[in-house]
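Beneath this line is the structure, given in structure tokens, with notes to follow.
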Amino acid sequence: MMGFDPQLTEAQFKVLAECYTDPLLPDHILWHKFSKDMDLVFTIPELEKKPKLKLPPQEDFQLPKVGATDADNLEVQQRELFEATMCRFKQRISHRNLLTYQDFADFDKFNHGHVTGTQFRRCLTQLGLQATEEEVNVIEEVFSDEMGFNYIKFLEEVDPQLKPERRYEKLMSDIHKLNAAKRNLEVGASSDIDCILAKIKTKVYRERMRLDEHMRDFDRLHSGRILKVNFRRALDLNEFELQPSEVAILEKRYESCNKPDYVDYKLLFDDIESIFTLKNLEKFPLAEVTQFKPPEDWTLNELSTEDEIAYLEAVARLAAKVRKKQLQLFPLFEDYDTIHIGRISQSQFHRVLTELDLDNVLSLKDIRAIRQKFRVKVGSRDDVDYIAFCDAVYDAACMNKRMP
């Protein structure tokens with residue numbers, strides 16, 4: 001029924017049947033095993049589980065078409081005639097730089113690499129390749145099969161083209177080397193899990209966001225765990241701006257016991273939600289709940305001993321001048337803070353000090369120490385928290401910071 005009957009002899013069929021005979025039922029055939037062996041010409045079973053397996057080239061499974069004659073099997077006289085004709089064609093094509101493929105491809109409407117004998121003769125005439133009837137017949141005998149004249153195989157001999165270099169393996173090797181040599185671009189990454197959790201808690205507290213909103217989208221079975229890849233995606237969607245090393249620490253902390261590739265995100269969610277309330281609080285009515293209050297960003301800055309001394313001396317000089325002249329610091333700073341976030345750039349901070357005539361009591365080292373003390377991160381830029389700076393100066397000057 002599959003069309004193999006004329007091609008298989010009785011002896012071949014018996015050998016094939018013996019190979020796939022069911023050992024438990026001798027009169028039955030293991031057709032499923034036979035089918036899997038035949039499908040190896042297309043792919044290997046469960047290939048998705050073996051991503052590094054090297055497949056044999058497809059050409060190993062391609063059989064010659066029925067009807068073609070090998071040139072080595074021709075008679076001596078025909079073989080000499082064939083070789084002489086092919087050599088003459090090759091020289092003419094090379095000397096005149098003929099574009100041979102397109103003339104044949106114009107007749108190959110279905111792009112199966114074959115044309116008819118008449119079309120082959122027309123192509124030879126268009127290309128100016130003169131040949132006698134006997135020469136054409138011997139060429140057709142070698143390159144013609146059941147589908148017609150195989151012009152692809154014919155052109156590979158008379159007009160060979162350089163095959164493109166297989167560069168995929170080399171390209172992947174170069175990419176791996178480049179990634180291995182890439183420098184660590186992380187800035188300010190923390191290795192302490194408590195600091196990483198504090199960073200997440202601060203963002204959740206200030207923006208009142210739900211941490212598990214995106215993570216539940218990846219947990220269709222409501223199992224409380226998701227893949228580490230999806231865990232990273234969910235954190236990116238929440239815009240926590242964590243460094244890769246910090247995410248890796250989180251994954252290690254909340255890794256599922258039975259499934260190393262998964263993260264128990266609900267445990268992380270419970271730890272973060274503790275900033276608002278305790279889990280199962282209704283069961284512990286006498287428990288004391290403390291309100292979480294994230295520290296100001298500038299309070300996390302640490303100065304060296306030398307910079308700390310320079311900062312304190314600079315604030316004392318500023319306080320003396322502000323108290324003497326009764327200067328109002330906030331208005332000029334607020335002029336530059338157009339979106340009212342309490343932060344301005346370092347250049348704007350220096351400009352306000354100049355406008356207030358306070359820069360003449362400060363050196364560049366003092367200004368640098370002050371900026372370092374009140375430095376806050378806004379995206380990838382270091383700004384200055386001018387509200388904290390003004391409060392520090394007013395406190396040192398013993399002035400009411402909220403009075404005009």
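Identifiers in this document derive from the order of the structure tokens: chains are assigned A, B, ..., residues are numbered from 1 separately in each chain, and ligands are numbered from 1 in order of occurrence.
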
Check the DSSP output for the backbone and give back, as a ChimeraX atom specification, the residues of stretch 157-323 of chain A in alpha helix (DSSP H).
/A:157-158,168-181,193-207,228-237,244-253,265-273,305-323

Residues within 10 Å of stretch 223-240 of chain A, please, as a VMD selection string. Count only C-alpha atoms; anything in the same chain fewer than 6 positions from it doesn't count.
chain A and resid 199 to 200 203 to 204 209 to 217 247 to 248 250 to 252 254 to 256 259 to 267

Limited to C-alpha atoms, could you put the picked residues into a file as an mmCIF file, in the first residue's frame?
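So the final result, stored in out_12.cif, reads:
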```
data_model
loop_
_atom_site.group_PDB
_atom_site.id
_atom_site.type_symbol
_atom_site.label_atom_id
_atom_site.label_comp_id
_atom_site.auth_asym_id
_atom_site.auth_seq_id
_atom_site.Cartn_x
_atom_site.Cartn_y
_atom_site.Cartn_z
ATOM 1 C CA LYS A 199 15.108 47.659 49.176
ATOM 2 C CA ILE A 200 12.003 45.742 48.063
ATOM 3 C CA LYS A 203 9.537 50.393 47.220
ATOM 4 C CA VAL A 204 6.425 48.396 48.148
ATOM 5 C CA MET A 209 2.200 47.994 45.139
ATOM 6 C CA ARG A 210 1.216 44.335 45.249
ATOM 7 C CA LEU A 211 4.288 42.172 44.922
ATOM 8 C CA ASP A 212 2.528 38.979 43.849
ATOM 9 C CA GLU A 213 0.338 40.580 41.183
ATOM 10 C CA HIS A 214 2.614 39.576 38.290
ATOM 11 C CA MET A 215 3.922 36.397 39.924
ATOM 12 C CA ARG A 216 0.468 34.842 40.139
ATOM 13 C CA ASP A 217 0.155 35.176 36.367
ATOM 14 C CA VAL A 247 18.163 38.428 42.159
ATOM 15 C CA ALA A 248 20.364 35.318 42.377
ATOM 16 C CA LEU A 250 16.798 36.046 46.377
ATOM 17 C CA GLU A 251 16.378 32.895 44.284
ATOM 18 C CA LYS A 252 18.763 31.012 46.564
ATOM 19 C CA TYR A 254 13.459 31.246 48.472
ATOM 20 C CA GLU A 255 14.396 28.216 46.387
ATOM 21 C CA SER A 256 11.866 25.400 46.522
ATOM 22 C CA LYS A 259 12.241 21.587 42.907
ATOM 23 C CA PRO A 260 15.543 23.482 42.581
ATOM 24 C CA ASP A 261 14.386 25.244 39.403
ATOM 25 C CA TYR A 262 11.447 26.851 41.217
ATOM 26 C CA VAL A 263 11.039 29.709 43.701
ATOM 27 C CA ASP A 264 8.484 29.742 46.548
ATOM 28 C CA TYR A 265 7.299 33.262 45.823
ATOM 29 C CA LYS A 266 4.559 33.138 48.476
ATOM 30 C CA LEU A 267 7.205 32.957 51.212
#
```

Rank A:Arg317, A:Ile193, A:Leu362, A:Cys123 by their smallest atom-to-atom distance to A:Arg253, using only C-alpha atoms, and report the top residue only.
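The shortest atom-to-atom distance to A:Arg253 comes from A:Ile193.
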
Would you list the contacts of A:His114 as a ChimeraX atom specification, taking every protein, DNA or RNA residue within 6 Å and counting only C-alpha atoms, but skipping same-chain residues closer than 2 positions in sequence?
/A:112,148-151

Go ahead and compute the interatomic distance for atom CA of A:Leu155 and atom CA of A:Lys90, in Å to one decimal.
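That distance, rounded to one decimal, is 9.3 Å.
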
Could you write out, as a list in words, all the residues of stretch 155-403 of chain A that DSSP marks as strand (DSSP E or B)?
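So the strand (DSSP E or B) residues in stretch 155-403 of chain A would be Ile226, Leu227, Glu255, Tyr262, Val263, Arg343, Ile344, Ser345, Arg375, Val376, Lys377, Val378, Arg381, Asp382, Asp383, Val384 and Asp385 of chain A.
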